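Working notes for the structure below.
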Amino acid sequence: MTQHASHTSPASHGCALCGGNDLVPLYHALHRAIGYAFGRCRSCGLIQHVEKTGSFADAFYKNTYHDLPHKTDEPANRVAMFERILDHIEKRTGSGRLLDVGCGPGHFVAQACERGWNAEGLEPSTSAVERGRARQGIAIYQGTLTGDHALPGDLYNCVTFWNVIDQIYDPLETLVAARAHMVEGGIVAVRVPNGTVHHMLRAAVALAPGLARRFRLADMFSVHPYSFTAETLRVLLDKAGYEDVEVRNSPLSGGDPSGRRSRPGAVLVSLMKSTAAGVAALISGITGARVLLAPSLIAVARKPL
Ligand SMILES: [Zn+2]
């Protein structure tokens with residue numbers, strides 16, 4: 001995924017969670033295969049890109065991301081997952097005003113509206129914003145929480161980040177900014193790839209980088225700037241000023257999120273995902289949710305009263 005790299009803002013090398021400057025290098029051989037160097041912060045343990053150029057948040061997501069072929073299948077693959085997630089959120093907060101940050105063309109916003117939420121979206125990509133407004137007939141504001149936007153002054157009861165916080169270079173600042181748009185007692189919900197699992201996959205593939213190139217094994221794991229574990233996700237939400245942080249295994253999306261395999265390949269990936277999810281659910285149950293090994297995590301927290 002080296003096509004992401006466009007150096008649009010100055011590089012930073014510090015830890016985005018604790019500000020530490022000691023990142024222990026990881027997956028040496030893999031760096032050459034995937035184009036990103038990862039390190040683990042010696043202070044807080046967060047695994048992250050060593051060099052943060054801003055490319056993930058800027059040109060790529062504005063211009064390219066929503067036009068990638070696999071994005072067209074994604075909405076249908078995620079409907080059942082979002083129904084389960086909304087069931088859980090509604091138990092904590094009921095419904096009300098909802099903002100989906102990084103909403104793309106607004107499929108989740110439309111789904112939340114159908115369930116009775118007064119939902120809106122925020123999205124940096126011009127084409128995704130235009131498509132969402134035209135096709136779904138919903139309110140989508142263009143921009144980012146930490147950059148320019150024209151969000152209304154009304155406060156939200158719930159702000160959601162579906163696979164966003166690990167893909168932008170300023171997750172802490174973004175979550176702090178979200179709080180300013182929420183009612184007291186409002187709920188923030190964050191879904192990310194599980195850093196524990198994706199670290200294990202990268203570490204395994206790093207042992208055979210030649211095979212990684214040949215069989216496109218890099219499609220199996222996240223190459224995003226941050227790999228949040230349950231622990232670092234808790235620290236992130238705590239530092240951003242939220243309380244009652246609850247981290248769980250996320251429900252699964254359907255299909256193959258990398259979208260690059262053949263039909264039988266996608267079926268195989270789905271089978272592997274559901275088996276892994278079953279095992280992860282069992283382990284979570286046995287350990288009282290202390291060991292979370294699903295491919296993705298979901299965190300729900302509250303803005304203090
Ligand atoms: Zn750190």
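Each chain of the structure tokens is named A, B, ... in the order shown, its residues numbered from 1; ligands are numbered from 1 in display order.
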Problem - Polymer residues at most 7 Å from region 107-120 of chain A, only C-alpha atoms, same-chain spacing of 6 or more positions, as a ChimeraX atom specification - result: /A:75,95-100,136,138-140
Practice task
Compute the set of protein, DNA and RNA residues whose minimum atom distance to ligand 1 is at most 6 Å, using only C-alpha atoms and all ligand atoms, and state it as a PyMOL selection string.
Solution key: chain A and resi 15+17-20+41+43-46
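For the residues A:Arg191, A:Arg214, A:Lys239, A:His199, ranking by smallest atom-to-atom distance to Ala299 (chain A) using only C-alpha atoms places A:Arg191 first.
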Exercise for the section: Return as a ChimeraX atom specification the full set of residues in region 179-255 of chain A whose backbone-based DSSP assignment is alpha helix (DSSP H). Expected result: /A:179,195-206,209-214,230-239
Output N, CA and C atoms for every residue in that selection, as a PDB file, in the first residue's frame.
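again33.pdb written:
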```pdb
ATOM      1  N   ARG A 179     -15.306  15.496  21.889  1.00  0.00           N
ATOM      2  CA  ARG A 179     -15.977  15.770  23.169  1.00  0.00           C
ATOM      3  C   ARG A 179     -16.695  17.117  23.161  1.00  0.00           C
ATOM      4  N   GLY A 195      -5.112  -4.566  17.810  1.00  0.00           N
ATOM      5  CA  GLY A 195      -3.658  -4.452  17.688  1.00  0.00           C
ATOM      6  C   GLY A 195      -2.911  -5.703  18.118  1.00  0.00           C
ATOM      7  N   THR A 196      -3.459  -6.416  19.114  1.00  0.00           N
ATOM      8  CA  THR A 196      -2.804  -7.645  19.580  1.00  0.00           C
ATOM      9  C   THR A 196      -2.751  -8.669  18.449  1.00  0.00           C
ATOM     10  N   VAL A 197      -3.878  -8.852  17.772  1.00  0.00           N
ATOM     11  CA  VAL A 197      -3.977  -9.854  16.711  1.00  0.00           C
ATOM     12  C   VAL A 197      -3.150  -9.437  15.491  1.00  0.00           C
ATOM     13  N   HIS A 198      -3.273  -8.155  15.104  1.00  0.00           N
ATOM     14  CA  HIS A 198      -2.565  -7.702  13.902  1.00  0.00           C
ATOM     15  C   HIS A 198      -1.054  -7.654  14.128  1.00  0.00           C
ATOM     16  N   HIS A 199      -0.639  -7.410  15.368  1.00  0.00           N
ATOM     17  CA  HIS A 199       0.791  -7.497  15.686  1.00  0.00           C
ATOM     18  C   HIS A 199       1.298  -8.925  15.499  1.00  0.00           C
ATOM     19  N   MET A 200       0.523  -9.894  15.973  1.00  0.00           N
ATOM     20  CA  MET A 200       0.949 -11.301  15.840  1.00  0.00           C
ATOM     21  C   MET A 200       1.045 -11.690  14.358  1.00  0.00           C
ATOM     22  N   LEU A 201       0.067 -11.239  13.568  1.00  0.00           N
ATOM     23  CA  LEU A 201       0.090 -11.553  12.124  1.00  0.00           C
ATOM     24  C   LEU A 201       1.297 -10.918  11.441  1.00  0.00           C
ATOM     25  N   ARG A 202       1.585  -9.647  11.760  1.00  0.00           N
ATOM     26  CA  ARG A 202       2.731  -8.978  11.122  1.00  0.00           C
ATOM     27  C   ARG A 202       4.033  -9.635  11.544  1.00  0.00           C
ATOM     28  N   ALA A 203       4.116  -9.986  12.841  1.00  0.00           N
ATOM     29  CA  ALA A 203       5.345 -10.607  13.333  1.00  0.00           C
ATOM     30  C   ALA A 203       5.571 -11.947  12.636  1.00  0.00           C
ATOM     31  N   ALA A 204       4.475 -12.697  12.406  1.00  0.00           N
ATOM     32  CA  ALA A 204       4.601 -14.000  11.738  1.00  0.00           C
ATOM     33  C   ALA A 204       5.020 -13.813  10.287  1.00  0.00           C
ATOM     34  N   VAL A 205       4.379 -12.889   9.583  1.00  0.00           N
ATOM     35  CA  VAL A 205       4.676 -12.676   8.158  1.00  0.00           C
ATOM     36  C   VAL A 205       6.085 -12.100   7.985  1.00  0.00           C
ATOM     37  N   ALA A 206       6.552 -11.331   8.974  1.00  0.00           N
ATOM     38  CA  ALA A 206       7.901 -10.745   8.895  1.00  0.00           C
ATOM     39  C   ALA A 206       8.985 -11.820   8.855  1.00  0.00           C
ATOM     40  N   PRO A 209       9.287 -12.603   4.514  1.00  0.00           N
ATOM     41  CA  PRO A 209       8.827 -11.473   3.695  1.00  0.00           C
ATOM     42  C   PRO A 209       8.714 -11.801   2.210  1.00  0.00           C
ATOM     43  N   GLY A 210       9.524 -12.758   1.718  1.00  0.00           N
ATOM     44  CA  GLY A 210       9.422 -13.158   0.314  1.00  0.00           C
ATOM     45  C   GLY A 210       8.060 -13.779   0.030  1.00  0.00           C
ATOM     46  N   LEU A 211       7.622 -14.668   0.926  1.00  0.00           N
ATOM     47  CA  LEU A 211       6.298 -15.283   0.788  1.00  0.00           C
ATOM     48  C   LEU A 211       5.212 -14.222   0.888  1.00  0.00           C
ATOM     49  N   ALA A 212       5.464 -13.215   1.733  1.00  0.00           N
ATOM     50  CA  ALA A 212       4.473 -12.154   1.927  1.00  0.00           C
ATOM     51  C   ALA A 212       4.187 -11.466   0.608  1.00  0.00           C
ATOM     52  N   ARG A 213       5.267 -11.191  -0.150  1.00  0.00           N
ATOM     53  CA  ARG A 213       5.077 -10.522  -1.443  1.00  0.00           C
ATOM     54  C   ARG A 213       4.365 -11.433  -2.429  1.00  0.00           C
ATOM     55  N   ARG A 214       4.824 -12.704  -2.453  1.00  0.00           N
ATOM     56  CA  ARG A 214       4.310 -13.639  -3.449  1.00  0.00           C
ATOM     57  C   ARG A 214       2.823 -13.935  -3.244  1.00  0.00           C
ATOM     58  N   ALA A 230      -6.604  -3.549  23.475  1.00  0.00           N
ATOM     59  CA  ALA A 230      -7.641  -3.162  24.440  1.00  0.00           C
ATOM     60  C   ALA A 230      -7.045  -2.179  25.451  1.00  0.00           C
ATOM     61  N   GLU A 231      -5.799  -2.444  25.856  1.00  0.00           N
ATOM     62  CA  GLU A 231      -5.171  -1.621  26.889  1.00  0.00           C
ATOM     63  C   GLU A 231      -4.865  -0.205  26.382  1.00  0.00           C
ATOM     64  N   THR A 232      -4.228  -0.092  25.201  1.00  0.00           N
ATOM     65  CA  THR A 232      -3.886   1.248  24.706  1.00  0.00           C
ATOM     66  C   THR A 232      -5.138   2.018  24.260  1.00  0.00           C
ATOM     67  N   LEU A 233      -6.192   1.298  23.868  1.00  0.00           N
ATOM     68  CA  LEU A 233      -7.453   1.967  23.529  1.00  0.00           C
ATOM     69  C   LEU A 233      -8.083   2.584  24.779  1.00  0.00           C
ATOM     70  N   ARG A 234      -8.002   1.855  25.887  1.00  0.00           N
ATOM     71  CA  ARG A 234      -8.489   2.409  27.167  1.00  0.00           C
ATOM     72  C   ARG A 234      -7.719   3.662  27.546  1.00  0.00           C
ATOM     73  N   VAL A 235      -6.383   3.601  27.419  1.00  0.00           N
ATOM     74  CA  VAL A 235      -5.542   4.750  27.779  1.00  0.00           C
ATOM     75  C   VAL A 235      -5.889   5.944  26.883  1.00  0.00           C
ATOM     76  N   LEU A 236      -6.081   5.683  25.588  1.00  0.00           N
ATOM     77  CA  LEU A 236      -6.413   6.745  24.635  1.00  0.00           C
ATOM     78  C   LEU A 236      -7.704   7.463  25.040  1.00  0.00           C
ATOM     79  N   LEU A 237      -8.752   6.697  25.336  1.00  0.00           N
ATOM     80  CA  LEU A 237     -10.049   7.302  25.670  1.00  0.00           C
ATOM     81  C   LEU A 237      -9.986   8.009  27.014  1.00  0.00           C
ATOM     82  N   ASP A 238      -9.225   7.441  27.939  1.00  0.00           N
ATOM     83  CA  ASP A 238      -9.037   8.067  29.243  1.00  0.00           C
ATOM     84  C   ASP A 238      -8.316   9.410  29.087  1.00  0.00           C
ATOM     85  N   LYS A 239      -7.225   9.420  28.316  1.00  0.00           N
ATOM     86  CA  LYS A 239      -6.466  10.659  28.091  1.00  0.00           C
ATOM     87  C   LYS A 239      -7.301  11.709  27.364  1.00  0.00           C
TER      88      LYS A 239
END
```
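Using only C-alpha atoms, the smallest distance between any of A:Arg92, A:His149, A:Arg302, A:His49 and Tyr36 (chain A) comes from A:His49.
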Exercise for the section: May I have all residues of region 6-40 of chain A that DSSP, computed from the backbone, assigns to strand (DSSP E or B), given as a PyMOL selection string? Expected result: chain A and resi 12+23-26+38-40
Dump N, CA and C atoms for the selected residues as an mmCIF file, in the first residue's frame?
```cif
data_model
loop_
_atom_site.group_PDB
_atom_site.id
_atom_site.type_symbol
_atom_site.label_atom_id
_atom_site.label_comp_id
_atom_site.auth_asym_id
_atom_site.auth_seq_id
_atom_site.Cartn_x
_atom_site.Cartn_y
_atom_site.Cartn_z
ATOM 1 N N SER A 12 6.504 13.425 11.996
ATOM 2 C CA SER A 12 6.755 13.475 13.428
ATOM 3 C C SER A 12 7.152 12.073 13.865
ATOM 4 N N LEU A 23 10.837 4.647 20.298
ATOM 5 C CA LEU A 23 10.063 3.610 19.614
ATOM 6 C C LEU A 23 11.007 2.472 19.232
ATOM 7 N N VAL A 24 10.736 1.286 19.779
ATOM 8 C CA VAL A 24 11.564 0.118 19.493
ATOM 9 C C VAL A 24 11.140 -0.454 18.137
ATOM 10 N N PRO A 25 12.065 -0.558 17.161
ATOM 11 C CA PRO A 25 11.671 -1.012 15.813
ATOM 12 C C PRO A 25 11.116 -2.434 15.813
ATOM 13 N N LEU A 26 10.115 -2.663 14.944
ATOM 14 C CA LEU A 26 9.475 -3.981 14.816
ATOM 15 C C LEU A 26 9.483 -4.436 13.355
ATOM 16 N N PHE A 38 7.328 0.178 11.488
ATOM 17 C CA PHE A 38 6.571 0.232 12.741
ATOM 18 C C PHE A 38 7.516 0.207 13.928
ATOM 19 N N GLY A 39 7.077 0.794 15.049
ATOM 20 C CA GLY A 39 7.811 0.690 16.299
ATOM 21 C C GLY A 39 6.834 0.582 17.454
ATOM 22 N N ARG A 40 7.356 0.084 18.603
ATOM 23 C CA ARG A 40 6.520 0.007 19.803
ATOM 24 C C ARG A 40 7.061 0.994 20.818
#
```
Problem - Neighbour list for region 274-276 of chain A as an MDAnalysis selection string, cut-off 12 Å, only C-alpha atoms, skip fewer than 3 positions in-chain - result: chainID A and resid 197 249 251:256 267:271 279:283 292:296
Exercise for the section: May I ask for the distance between CA of Gly104 (chain A) and CA of Cys158 (chain A), given in Å to one decimal place? Expected result: 17.6 Å
Practice task
Tell me, as a PyMOL selection string, which residues lie within 8 Å of Val192 (chain A), counting only C-alpha atoms; anything in the same chain fewer than 5 positions away does not count.
Solution key: chain A and resi 162-166+228+296-298
Requested write-out: N, CA and C atoms of the selected residues, as a short mmCIF file (atom, residue, chain, number, x, y, z; two decimals), in the first residue's frame:
```
data_model
loop_
_atom_site.label_atom_id
_atom_site.label_comp_id
_atom_site.auth_asym_id
_atom_site.auth_seq_id
_atom_site.Cartn_x
_atom_site.Cartn_y
_atom_site.Cartn_z
N TRP A 162 -15.91 4.57 13.09
CA TRP A 162 -15.77 3.18 12.62
C TRP A 162 -14.53 3.05 11.76
N ASN A 163 -13.51 2.38 12.28
CA ASN A 163 -12.25 2.18 11.54
C ASN A 163 -11.69 3.52 11.04
N VAL A 164 -11.57 4.45 11.97
CA VAL A 164 -11.05 5.78 11.66
C VAL A 164 -9.85 6.13 12.55
N ILE A 165 -9.99 5.88 13.85
CA ILE A 165 -9.01 6.35 14.83
C ILE A 165 -7.61 5.76 14.61
N ASP A 166 -7.55 4.54 14.06
CA ASP A 166 -6.25 3.91 13.79
C ASP A 166 -5.67 4.37 12.47
N PHE A 228 -4.03 -0.29 18.02
CA PHE A 228 -4.49 -0.18 19.40
C PHE A 228 -4.89 -1.55 19.93
N SER A 296 -11.19 -7.43 15.49
CA SER A 296 -11.43 -6.01 15.74
C SER A 296 -11.98 -5.82 17.14
N LEU A 297 -11.75 -4.62 17.68
CA LEU A 297 -12.24 -4.25 19.01
C LEU A 297 -13.24 -3.11 18.87
N ILE A 298 -14.14 -3.03 19.85
CA ILE A 298 -15.01 -1.86 19.91
C ILE A 298 -14.96 -1.31 21.33
#
```
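Interatomic distance, CA of Leu207 (chain A) against CA of Ser227 (chain A): 19.3 Å.
By only C-alpha atoms, and with residues fewer than 4 positions from Pro105 (chain A) along its chain excluded, the set lying at most 8 Å from it is Ala128, Val129, Glu130, Arg131, Gly132 and Arg133 of chain A.
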Problem - Nearest to Glu246 (chain A) by atom-to-atom distance, counting only C-alpha atoms, from A:Val176, A:Val101, A:Gly186, A:Ala301 - result: A:Ala301
